[in-house]
Amino acid sequence: MASNNATGGKGGLKKRSIAGSFLFKLPDGDETRAQVALFRRSGKVSTYQHKLAPISGSIEKYDASPLATALREINEETGLTLSSIELLRVGKPYTFVDESIGREWTINPFAFRLKEKAEGGKGEEGITIDWEHEGYEWFNPLDVNESDEFGGVPKLVNSLRRVWPEYDLGPEAGKVFTSGLQRLRDDHESGARQLAEAAVSILKDLIAEMDSSVIDETWWANVRMAAWHICKTRESMGAAITSAVVKALDRIHAVFNQDLSPSEKVRRMIESMENQLDQRKFTTDRIRGTFVDYLRQNIVRVAESTKTISVLTLSSSSTISSCLLQAAATLGVSLDLRILESRPLYEGVTLASKFLEAGDEAGDLTVSIYTDASVAIAANAVDIVVLGADRISAEGDVSNKIGSLPAILSQRHVVPDAKVVILSETEKIASPGPMEEHAAEENSPAELIQAWRGNVKGANIIEDALKDAQSHSMRGKIYVRNTYFEWVPARFIHAYVTDEGLWSVQDIAAKSNWINDETDRFFKNL
């Protein structure tokens, strides 16, 4: 949408903040074959007439965020709604001056994926341009350039490379990066720790494939931009990923500053990141030891007659399973494990299977699986609720698998004296900010529908209604929400068992400030 909303700046420049959205289509879901749509601005707009550009518009005072602006502009300029597009990447904002028109632009770049009809979207046929454009064309992102012959708006490539770093990485490194981000985004089975390891591995493999004939500030900036996107790929898991990635960047930068040949620098960078990954293997051992000691001091010793410890948990965490197996083997008591099934992917069932597979190593334990809806029954008379964490706020609030908060609230109602313990690596602590400021992850309703299909009466009606909603043929609308994570406030938590021992909320706040400083160090001036 065209807008005259601008503020005055130095030297008479008008300042405007813009959301610029690149629309991508991915043939057969393959991001390595991506194409980007550029829209040719009409002669009716006030600036850059007849130039190729992303979908752009001013951030208005009433917009909740730059992302809200982007979604509004996409709808106004193409007719596409959120049901036909998916946020693919968020670029690092930047500012530039175009003195020829007296403007200072702040660009907030976004990349969206166009959904096909098979996914419930409208596909390319759903694009209906408005008066601001004459048409649009699809391009290989790597073919976009700043030449007069190409005919793009100023800084088009700079905006594009901020959502598509492949532009600067080279063909082989670009493929590693693209496929790596796709794996991170699509992996809904691994926990935050595993995804953080995958993130470091992607960065390591990327550096191995980059053109490293010259390792200079440009090379370093390209690495940091790629790392930025790795950190932003899964916001709900972003704390663990970001912490691991900035630690890797610190190692890379230390080698970068050494007086070595480019090939030797690359070798040492890769070796250093491999060492980082190797060291991560021992974090669970440290958490396990602290957890067993906590149970001994706070559950077993407090109630000396205790023969059985009843534990409530949910989802599937290798850390939780390892800690509980160790407790069963060393504490000399029976464990009564109550596990919620954890829909829609039923990770709780997977967790239960791990204990059964352990056989005699599991010690004296009993496993009971409960439906999520029966959590209050499952919580009856438990001694302890054990949860993992995908993210921990600076205030000590914990984001974990959906169902965690109902489990705690049920426990507080039926057995208020039970302990609530979080098992987590310290890398899952996020930068400062309350839990409300952290992005929530909404996932495809298809996961829920798949579980219903063929088993639930009326499921086909719901599925058809979701498809028909876009055509506005229905009077009402229906939504199927598939949120993966929710927050447990710190006031409900008794202990944080970490790879660095028992931590307090004050320890968490200090770590949060550290991660904030490190992210500023590597990403602030990109």
# chains A, B, ... in the order shown; residues from 1 in each chain; ligands from 1
>>> residues_around(residues="segment 290-302 of chain A", least_positions_apart="5", cutoff="9 Å", atoms="only C-alpha atoms", output="CSV table (one decimal) with N, CA and C atoms, in the first residue's frame")
chain,number,residue,atom,x,y,z
A,285,ASP,N,25.5,-36.2,31.3
A,285,ASP,CA,26.1,-36.9,32.5
A,285,ASP,C,26.1,-35.9,33.7
A,307,LYS,N,9.6,-46.1,49.8
A,307,LYS,CA,10.1,-47.2,49.1
A,307,LYS,C,9.9,-47.0,47.6
A,309,ILE,N,9.2,-43.8,44.6
A,309,ILE,CA,9.0,-42.4,44.2
A,309,ILE,C,8.1,-42.4,42.9
A,323,CYS,N,18.2,-39.5,33.1
A,323,CYS,CA,18.2,-39.2,34.5
A,323,CYS,C,17.3,-40.1,35.3
A,324,LEU,N,16.2,-40.5,34.8
A,324,LEU,CA,15.3,-41.3,35.5
A,324,LEU,C,15.8,-42.8,35.6
A,326,GLN,N,19.0,-43.5,35.6
A,326,GLN,CA,20.1,-43.5,36.6
A,326,GLN,C,19.5,-43.5,38.0
A,327,ALA,N,18.4,-42.7,38.2
A,327,ALA,CA,17.8,-42.7,39.6
A,327,ALA,C,17.3,-44.1,40.0
A,330,THR,N,20.3,-46.4,41.0
A,330,THR,CA,21.2,-46.0,42.1
A,330,THR,C,20.6,-45.7,43.4
A,331,LEU,N,19.3,-45.3,43.4
A,331,LEU,CA,18.7,-44.8,44.7
A,331,LEU,C,18.2,-45.9,45.6
A,333,VAL,N,15.3,-47.4,45.4
A,333,VAL,CA,13.9,-47.3,45.6
A,333,VAL,C,13.2,-47.7,44.2
A,383,ASP,N,5.3,-37.6,43.8
A,383,ASP,CA,6.3,-36.9,44.6
A,383,ASP,C,6.9,-35.8,43.9
A,384,ILE,N,7.0,-35.9,42.6
A,384,ILE,CA,7.8,-34.9,41.8
A,384,ILE,C,7.3,-34.9,40.4
A,419,LYS,N,7.2,-31.7,44.3
A,419,LYS,CA,8.2,-30.8,43.8
A,419,LYS,C,8.1,-30.7,42.2
A,421,VAL,N,10.5,-30.0,39.1
A,421,VAL,CA,12.0,-29.9,38.8
A,421,VAL,C,12.1,-29.8,37.3
A,423,LEU,N,14.8,-30.1,34.2
A,423,LEU,CA,16.1,-30.6,33.7
A,423,LEU,C,16.5,-29.9,32.4
A,495,ALA,N,13.1,-26.2,41.4
A,495,ALA,CA,14.5,-26.4,41.2
A,495,ALA,C,14.8,-26.5,39.7
A,497,VAL,N,17.7,-28.1,37.5
A,497,VAL,CA,18.9,-29.0,37.5
A,497,VAL,C,19.5,-28.8,36.1
A,498,THR,N,20.8,-28.3,36.1
A,498,THR,CA,21.5,-28.0,34.9
A,498,THR,C,22.8,-28.8,34.8
A,499,ASP,N,23.4,-28.6,33.6
A,499,ASP,CA,24.7,-29.2,33.4
A,499,ASP,C,25.8,-28.5,34.2
A,500,GLU,N,25.4,-27.3,34.9
A,500,GLU,CA,26.4,-26.6,35.7
A,500,GLU,C,25.9,-26.6,37.2
A,501,GLY,N,25.1,-27.6,37.5
A,501,GLY,CA,24.6,-27.8,38.9
A,501,GLY,C,23.2,-27.2,39.1
A,502,LEU,N,22.8,-27.1,40.4
A,502,LEU,CA,21.5,-26.5,40.7
A,502,LEU,C,21.6,-25.0,40.5
>>> residues_around(residues="Val255 of chain A", least_positions_apart="4", cutoff="8 Å", atoms="only C-alpha atoms", output="list in words")
Arg251, Lys265, Arg268 and Met269 of chain A
>>> closest_residue(among="A:Ile449, A:Leu67, A:Val246, A:Ala379", to="Phe522 of chain A", atoms="only C-alpha atoms")
A:Val246
>>> closest_residue(among="A:Val176, A:Leu314, A:Ala53, A:Ala358", to="Ala389 of chain A", atoms="only C-alpha atoms")
A:Leu314
>>> atom_distance(atom1="atom CA of Asp372 of chain A", atom2="atom CA of Ala240 of chain A")
26.6 Å
>>> select_by_dssp(residues="segment 302-424 of chain A", states="helix (DSSP H, G or I)", output="count of residues only")
48
>>> residues_around(residues="Asp216 of chain A", least_positions_apart="3", cutoff="10 Å", atoms="only C-alpha atoms", output="list in words")
Ser212, Ser213, Trp219, Trp220, Ala221, Phe256, Asn257 and Pro262 of chain A
>>> write_last_selection(atoms="C-alpha atoms", output="short mmCIF file (atom, residue, chain, number, x, y, z; two decimals), in the first residue's frame")
data_model
loop_
_atom_site.label_atom_id
_atom_site.label_comp_id
_atom_site.auth_asym_id
_atom_site.auth_seq_id
_atom_site.Cartn_x
_atom_site.Cartn_y
_atom_site.Cartn_z
CA SER A 212 37.95 -19.65 1.50
CA SER A 213 40.71 -18.55 -0.86
CA TRP A 219 33.94 -13.67 4.45
CA TRP A 220 33.40 -13.15 8.18
CA ALA A 221 30.25 -11.07 7.56
CA PHE A 256 39.98 -15.80 12.14
CA ASN A 257 42.27 -13.36 13.98
CA PRO A 262 43.29 -19.47 4.65
#
>>> select_by_dssp(residues="segment 111-349 of chain A", states="strand (DSSP E)", output="list in words")
Ala111, Phe112, Arg113, Leu114, His133, Glu134, Gly135, Tyr136, Glu137, Trp138, Phe139, Thr308, Ile309, Ser310, Val311, Leu312, Thr313, Leu314, Ser334, Leu335, Asp336, Leu337, Arg338, Ile339 and Leu340 of chain A
>>> closest_residue(among="A:Val398, A:Glu347, A:Glu104, A:Ile422", to="His494 of chain A", atoms="only C-alpha atoms")
A:Ile422
>>> residues_around(residues="Thr218 of chain A", least_positions_apart="5", cutoff="10 Å", atoms="only C-alpha atoms", output="list in words")
Asp168, Val223 and Arg224 of chain A
>>> write_last_selection(atoms="all heavy atoms", output="PDB file, in the first residue's frame")
ATOM      1  N   ASP A 168      25.414 -14.943  -1.364  1.00  0.00           N
ATOM      2  CA  ASP A 168      26.833 -14.625  -1.145  1.00  0.00           C
ATOM      3  C   ASP A 168      27.688 -15.838  -0.797  1.00  0.00           C
ATOM      4  O   ASP A 168      28.905 -15.719  -0.705  1.00  0.00           O
ATOM      5  CB  ASP A 168      26.972 -13.604  -0.010  1.00  0.00           C
ATOM      6  CG  ASP A 168      26.298 -12.285  -0.337  1.00  0.00           C
ATOM      7  OD1 ASP A 168      26.610 -11.706  -1.385  1.00  0.00           O
ATOM      8  OD2 ASP A 168      25.439 -11.848   0.462  1.00  0.00           O
ATOM      9  N   VAL A 223      29.616 -15.367   7.050  1.00  0.00           N
ATOM     10  CA  VAL A 223      29.457 -16.421   8.053  1.00  0.00           C
ATOM     11  C   VAL A 223      28.476 -15.973   9.132  1.00  0.00           C
ATOM     12  O   VAL A 223      27.578 -16.719   9.541  1.00  0.00           O
ATOM     13  CB  VAL A 223      30.814 -16.794   8.678  1.00  0.00           C
ATOM     14  CG1 VAL A 223      30.625 -17.696   9.903  1.00  0.00           C
ATOM     15  CG2 VAL A 223      31.690 -17.495   7.656  1.00  0.00           C
ATOM     16  N   ARG A 224      28.621 -14.730   9.602  1.00  0.00           N
ATOM     17  CA  ARG A 224      27.737 -14.228  10.660  1.00  0.00           C
ATOM     18  C   ARG A 224      26.295 -14.099  10.171  1.00  0.00           C
ATOM     19  O   ARG A 224      25.353 -14.378  10.930  1.00  0.00           O
ATOM     20  CB  ARG A 224      28.252 -12.893  11.185  1.00  0.00           C
ATOM     21  CG  ARG A 224      29.524 -13.024  12.018  1.00  0.00           C
ATOM     22  CD  ARG A 224      29.954 -11.706  12.609  1.00  0.00           C
ATOM     23  NE  ARG A 224      30.387 -10.768  11.584  1.00  0.00           N
ATOM     24  CZ  ARG A 224      30.022  -9.509  11.522  1.00  0.00           C
ATOM     25  NH1 ARG A 224      29.191  -8.997  12.424  1.00  0.00           N
ATOM     26  NH2 ARG A 224      30.475  -8.720  10.568  1.00  0.00           N
TER      27      ARG A 224
END
>>> decode(residues="segment 222-237 of chain A", atoms="N, CA, C and O atoms", output="short mmCIF file (atom, residue, chain, number, x, y, z; two decimals), in the first residue's frame")
data_model
loop_
_atom_site.label_atom_id
_atom_site.label_comp_id
_atom_site.auth_asym_id
_atom_site.auth_seq_id
_atom_site.Cartn_x
_atom_site.Cartn_y
_atom_site.Cartn_z
N ASN A 222 29.69 -12.81 5.92
CA ASN A 222 28.83 -13.83 5.32
C ASN A 222 28.58 -14.98 6.30
O ASN A 222 27.47 -15.51 6.37
N VAL A 223 29.62 -15.37 7.05
CA VAL A 223 29.46 -16.42 8.05
C VAL A 223 28.48 -15.97 9.13
O VAL A 223 27.58 -16.72 9.54
N ARG A 224 28.62 -14.73 9.60
CA ARG A 224 27.74 -14.23 10.66
C ARG A 224 26.30 -14.10 10.17
O ARG A 224 25.35 -14.38 10.93
N MET A 225 26.11 -13.69 8.91
CA MET A 225 24.74 -13.58 8.39
C MET A 225 24.10 -14.96 8.29
O MET A 225 22.92 -15.14 8.62
N ALA A 226 24.87 -15.95 7.85
CA ALA A 226 24.35 -17.32 7.82
C ALA A 226 24.00 -17.79 9.23
O ALA A 226 22.95 -18.41 9.45
N ALA A 227 24.87 -17.48 10.19
CA ALA A 227 24.63 -17.87 11.58
C ALA A 227 23.37 -17.21 12.13
O ALA A 227 22.61 -17.82 12.89
N TRP A 228 23.16 -15.95 11.75
CA TRP A 228 21.95 -15.23 12.17
C TRP A 228 20.70 -16.01 11.76
O TRP A 228 19.77 -16.20 12.54
N HIS A 229 20.69 -16.47 10.51
CA HIS A 229 19.51 -17.19 10.03
C HIS A 229 19.37 -18.56 10.68
O HIS A 229 18.25 -19.02 10.91
N ILE A 230 20.49 -19.20 10.98
CA ILE A 230 20.42 -20.47 11.69
C ILE A 230 19.75 -20.26 13.05
O ILE A 230 18.90 -21.05 13.48
N CYS A 231 20.11 -19.17 13.72
CA CYS A 231 19.54 -18.87 15.03
C CYS A 231 18.04 -18.55 14.94
O CYS A 231 17.29 -18.82 15.88
N LYS A 232 17.61 -17.97 13.84
CA LYS A 232 16.22 -17.52 13.71
C LYS A 232 15.29 -18.55 13.10
O LYS A 232 14.08 -18.31 13.00
N THR A 233 15.83 -19.70 12.70
CA THR A 233 15.01 -20.67 11.98
C THR A 233 13.90 -21.27 12.84
O THR A 233 12.79 -21.48 12.38
N ARG A 234 14.19 -21.55 14.11
CA ARG A 234 13.20 -22.11 15.03
C ARG A 234 13.17 -21.25 16.28
O ARG A 234 13.89 -21.50 17.24
N GLU A 235 12.31 -20.22 16.27
CA GLU A 235 12.29 -19.27 17.38
C GLU A 235 11.98 -19.95 18.72
O GLU A 235 12.52 -19.58 19.75
N SER A 236 11.09 -20.95 18.70
CA SER A 236 10.73 -21.60 19.96
C SER A 236 11.90 -22.38 20.55
O SER A 236 11.96 -22.63 21.75
N MET A 237 12.85 -22.79 19.71
CA MET A 237 14.06 -23.48 20.15
C MET A 237 15.27 -22.54 20.07
O MET A 237 16.42 -22.99 20.19
#
